[in-house]
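Q: Pasting in a structure now, in structure tokens, and then I'll have a few things to ask.
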Amino acid sequence: MALFTFKGGIHPDDGKSLAKDKAIVEVKPKGQLVFPLSQHIGAPAIPAVEVGQRVLKGQKIAEAGGFVSAPIYASVSGTVKGIEPRLNPTGARVTSIVIENDEEYEEVEYASTKPLDEMTEAEILEAIGEAGVVGMGGAGFPTKVKLSPKEPDKIDYIIANCAECEPYITADYRRMLENTEELVGGMRVVLKLFKNAKGLFGVEDNKPDCIEKLKELTKDEPRMEVVTLKTKYPQGGERQLIFAATGRAINSSMLPADAGCVVDNVETMINIYQAVVNGRPSMERVVTVSGDAVCEPGNFKAPFGMNQAELVEAAGGWKEDPEKVISGGPMMGFAMFSVDVPVTKTSSSILGFTRDEVAKHAPSACINCGRCVEVCPSRLIPSRLADYAEHHAEETFTAQNGMECMECGSCSFVCPAKRPLKQAIGSMRKIALANRKKK
């Protein structure tokens, strides 16, 4: 049987064997926890506590700052020590709530929830929004907003992004194995919002155990189907996943809803289930700590606000000082200069490597081999777009569809000249987007 896939893409060494067989371990934080008020796309959250106030685990400490925003909850009990700028994983200083952990983990009493069958669509959306659930596989778009399209009756597919195509990351894989019921339960919740939709679990074929388990749990669910995807990067990209699973294409000016689709990743689906069925806010996530510089790679359930250095300690610390530390995957993640930063809603992994392979190669002139064109999932000519970007030719760049680039890095990966194609194109895209906003 042919596997569902898309044109282009690459097959990097996935490195998943380091952590894929390590069960999720729950870790307890120590000392201070830092909660940035900007952990999502949209307006920052607004503090709902004061310095010196004692808070409990599960207590709301920041309100949503607008329609496109999300509240934040304390993941431990303790005392608010400050509301001040602190570094976040990207290296920016963001206003944050600092809580001194009292290590008692005293928790609020959560309100009882209605059975799902008795809840209205408005009540489900309110529960998801109030719980602070955001997209936990990418940019952190508030989930309540994503699940509130203008025409819900035109949504045909709810796609659970179970591909996890980035090398080294295995957090979603462990979630699919260990929390399958909650993942399917999250899909059941979302399907209640879209009566004409079918639920698809898009899983790459390098995860046969997950496929088997999901098929077993959904065999009596007529509105759910497990779609086996070809293992290829970036199969988990939103556009590629939608095309592979449904045959529908979208571009940079469209939302998935424009193609009748809604896409949420595994961690988000589980948080939706926890919010609606159990009445628990979004307070923690599973983070992969891996790479050849890590003593004991693994998957850890970490509360938001926890210092990432403590997660590295939970993985046995560094074998040797890493040359490169990455937040997220090695293809689309970003380098960190320090792990002395908090776990946020979008922190999927911490990867430490003994050698910075990219920095060891100096770029040379393009040899016009066409490899970047062959692998580009957006069907672009990355070498030319990078030339336009380097010459600041914004008008030509946009005319040649440069804004369609998804910055997956496939072009840079295969380039024999070691040109930083993704970085050049990505910089020009940011400039073009900023200039659009000025108009």
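Naming works like this for the structure tokens: A, B, ... for the chains as they're shown, residue 1 at the start of each chain, ligands 1 onward in shown order.
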Excluding Pro416 in chain A and its own-chain neighbours fewer than 3 positions away, which residues fall within 12 Å of it when counting only C-alpha atoms? Please give them as a list of chain:residue names.
A: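 Final neighbour list, sorted by chain and number: A:His361, A:Ala362, A:Pro363, A:Ser364, A:Ala365, A:Cys366, A:Ile367, A:Asn368, A:Cys369, A:Gly370, A:Arg371, A:Cys372, A:Ser383, A:Cys411, A:Ser412, A:Phe413, A:Arg419, A:Pro420, A:Leu421.
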Q: Just want the 7 Å neighbourhood of Asn196 in chain A, counted on only C-alpha atoms, with same-chain residues fewer than 5 positions away dropped. Output as a list in words.
A: Asp153, Ile155 and Asp156 of chain A
Q: Kindly indicate which residue among A:Leu183, A:Leu125, A:Ile99, A:Val133 lies nearest to Thr346 in chain A, using only C-alpha atoms for the distances.
A: A:Val133
Q: Can you pull out every residue within 8 Å of Glu394 in chain A, counting only C-alpha atoms, but drop anything in the same chain fewer than 4 positions away, and send it as a ChimeraX atom specification?
A: /A:388-389,398,428,432
Q: From a backbone DSSP assignment, name each residue in range 103-221 of chain A labelled strand (DSSP E), as a VMD selection string.
A: chain A and resid 157 to 161 198 to 204
Q: Residues near range 296-300 of chain A, anyone? I mean within 9 Å using only C-alpha atoms, not counting same-chain ones fewer than 5 positions away, as a list in words.
A: Leu18, Ala19, Lys20, Asp21, Lys22, Ala23, Ile24, Val25, Glu26, Val27, Ile169, Thr170, Ala171, Arg174, Arg285, Val286, Val287, Thr288, Val289, Ser290, Gly291, Leu311, Val312, Ala314, Ala315, Gly316, Gly317, Trp318 and Ser349 of chain A
Q: Keeping only C-alpha atoms, write the selected residues as a JSON list (two decimals), in the first residue's frame.
A:
[["chain", "number", "residue", "atom", "x", "y", "z"],
["A", 18, "LEU", "CA", 18.94, 7.76, 22.06],
["A", 19, "ALA", "CA", 15.63, 8.46, 23.83],
["A", 20, "LYS", "CA", 12.74, 6.66, 22.09],
["A", 21, "ASP", "CA", 12.75, 3.72, 24.50],
["A", 22, "LYS", "CA", 13.02, 5.87, 27.62],
["A", 23, "ALA", "CA", 9.67, 6.08, 29.43],
["A", 24, "ILE", "CA", 8.43, 9.50, 30.55],
["A", 25, "VAL", "CA", 9.85, 10.48, 33.94],
["A", 26, "GLU", "CA", 8.14, 13.13, 36.07],
["A", 27, "VAL", "CA", 10.57, 15.65, 37.55],
["A", 169, "ILE", "CA", 12.75, 14.51, 19.56],
["A", 170, "THR", "CA", 10.75, 11.60, 21.01],
["A", 171, "ALA", "CA", 8.38, 13.35, 23.44],
["A", 174, "ARG", "CA", 6.30, 8.49, 24.24],
["A", 285, "ARG", "CA", 4.55, 19.15, 29.13],
["A", 286, "VAL", "CA", 6.90, 16.35, 28.09],
["A", 287, "VAL", "CA", 10.38, 17.50, 27.03],
["A", 288, "THR", "CA", 13.03, 15.37, 25.32],
["A", 289, "VAL", "CA", 16.61, 15.87, 26.56],
["A", 290, "SER", "CA", 18.96, 14.24, 24.06],
["A", 291, "GLY", "CA", 22.08, 14.50, 21.93],
["A", 311, "LEU", "CA", 16.16, 19.01, 33.19],
["A", 312, "VAL", "CA", 19.71, 18.51, 31.94],
["A", 314, "ALA", "CA", 17.72, 14.96, 35.45],
["A", 315, "ALA", "CA", 19.25, 13.47, 32.30],
["A", 316, "GLY", "CA", 22.57, 12.93, 34.10],
["A", 317, "GLY", "CA", 24.11, 16.23, 33.05],
["A", 318, "TRP", "CA", 26.59, 16.78, 30.21],
["A", 349, "SER", "CA", 13.32, 19.49, 23.65]]
Q: Find, counting only C-alpha atoms, the residue in A:Ala111, A:Ala92, A:Ala302, A:Leu87 that gets nearest to Arg280 in chain A.
A: A:Ala111
Q: Which of these, A:Asp356, A:Glu123, A:Glu151, A:Asp209, has the shortest distance to Leu177 in chain A once you count only C-alpha atoms?
A: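 Going through A:Asp356, A:Glu123, A:Glu151, A:Asp209 one by one, the smallest distance to Leu177 in chain A is for A:Asp209.
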Q: Mind pulling up the distance from CA of Arg93 in chain A to CA of Asp340 in chain A?
A: 12.9 Å
Q: Excluding Ile431 in chain A and residues on its chain fewer than 5 positions from it, collect all residues at most 12 Å away from it, counting only C-alpha atoms, and give them as a list in words.
A: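 Non-adjacent residues within range: Ala389, His392, Ala393, Glu394, Glu395, Phe397, Thr398, Gly402, Met403, Ala424, Ile425, Gly426, Arg436, Lys437 and Lys438 of chain A.
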Q: Counting only C-alpha atoms, which residue out of A:Asn101, A:Thr79, A:Asn401, A:Ser282 sits closest to Ser252 in chain A?
A: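 So, comparing all the options, the nearest one is A:Asn401.
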Q: I need the residue nearest Cys376 in chain A from this list: A:Pro208, A:Pro234, A:Gly328, A:Gly185. Use only C-alpha atoms for the distance.
A: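 So, comparing all the options, the nearest one is A:Pro234.
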Q: Hey, what's within 12 Å of range 247-250 of chain A if we count only C-alpha atoms and toss same-chain stuff fewer than 5 positions away? As number ranges by chain, please?
A: A: 4-7, 156-157, 237-242, 255-261, 377-378, 404, 406
Q: Distance table requested - range 201-319 of chain A against range 34-51 of chain A, cut-off 8 Å, only C-alpha atoms: one row per qualifying residue with the closest atom pair and its distance in Å to one decimal, ordered by chain and rising residue number, as CSV.
A:
residue,atom,partner,partner_atom,distance
A:Phe304,CA,A:Phe35,CA,7.1
A:Gly305,CA,A:Val34,CA,4.5
A:Met306,CA,A:Val34,CA,6.8
A:Asn307,CA,A:Val34,CA,7.6
Q: What's around Thr231 in chain A at 7 Å? Count only C-alpha atoms, leave out sequence neighbours fewer than 5 positions away in its own chain, and write the answer as a CSV table (one decimal) with N, CA and C atoms, in the first residue's frame.
A:
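What ended up in around-v2.csv:
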chain,number,residue,atom,x,y,z
A,204,GLU,N,4.0,8.8,11.2
A,204,GLU,CA,5.0,8.3,10.3
A,204,GLU,C,5.2,6.8,10.5
A,205,ASP,N,5.6,6.1,9.4
A,205,ASP,CA,5.6,4.6,9.5
A,205,ASP,C,6.9,4.1,10.2
A,206,ASN,N,7.7,5.0,10.8
A,206,ASN,CA,8.8,4.5,11.6
A,206,ASN,C,8.3,4.4,13.1
Q: Could you find all residues in range 140-328 of chain A that DSSP calls alpha helix (DSSP H) from the backbone, and write them as an NGL selection string?
A: :A and (143-146 or 171-178 or 180-193 or 208-218 or 238-246 or 266-277 or 308-314)
Q: Counting only C-alpha atoms, figure out which residue out of A:Ser17, A:Thr354, A:Asn161, A:Thr344 gets nearest to Val294 in chain A.
A: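 Looking at the shortest contact to Val294 in chain A, the residue is A:Thr354.
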Q: Provide the CA of Phe334 in chain A to CA of Asn265 in chain A distance in Å, to one decimal place.
A: 19.7 Å
Q: If you measure from CA of Met283 in chain A to CA of Ile61 in chain A, what distance in Å do you get, rounded to one decimal?
A: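 Between CA of Met283 in chain A and CA of Ile61 in chain A the gap is 11.4 Å.
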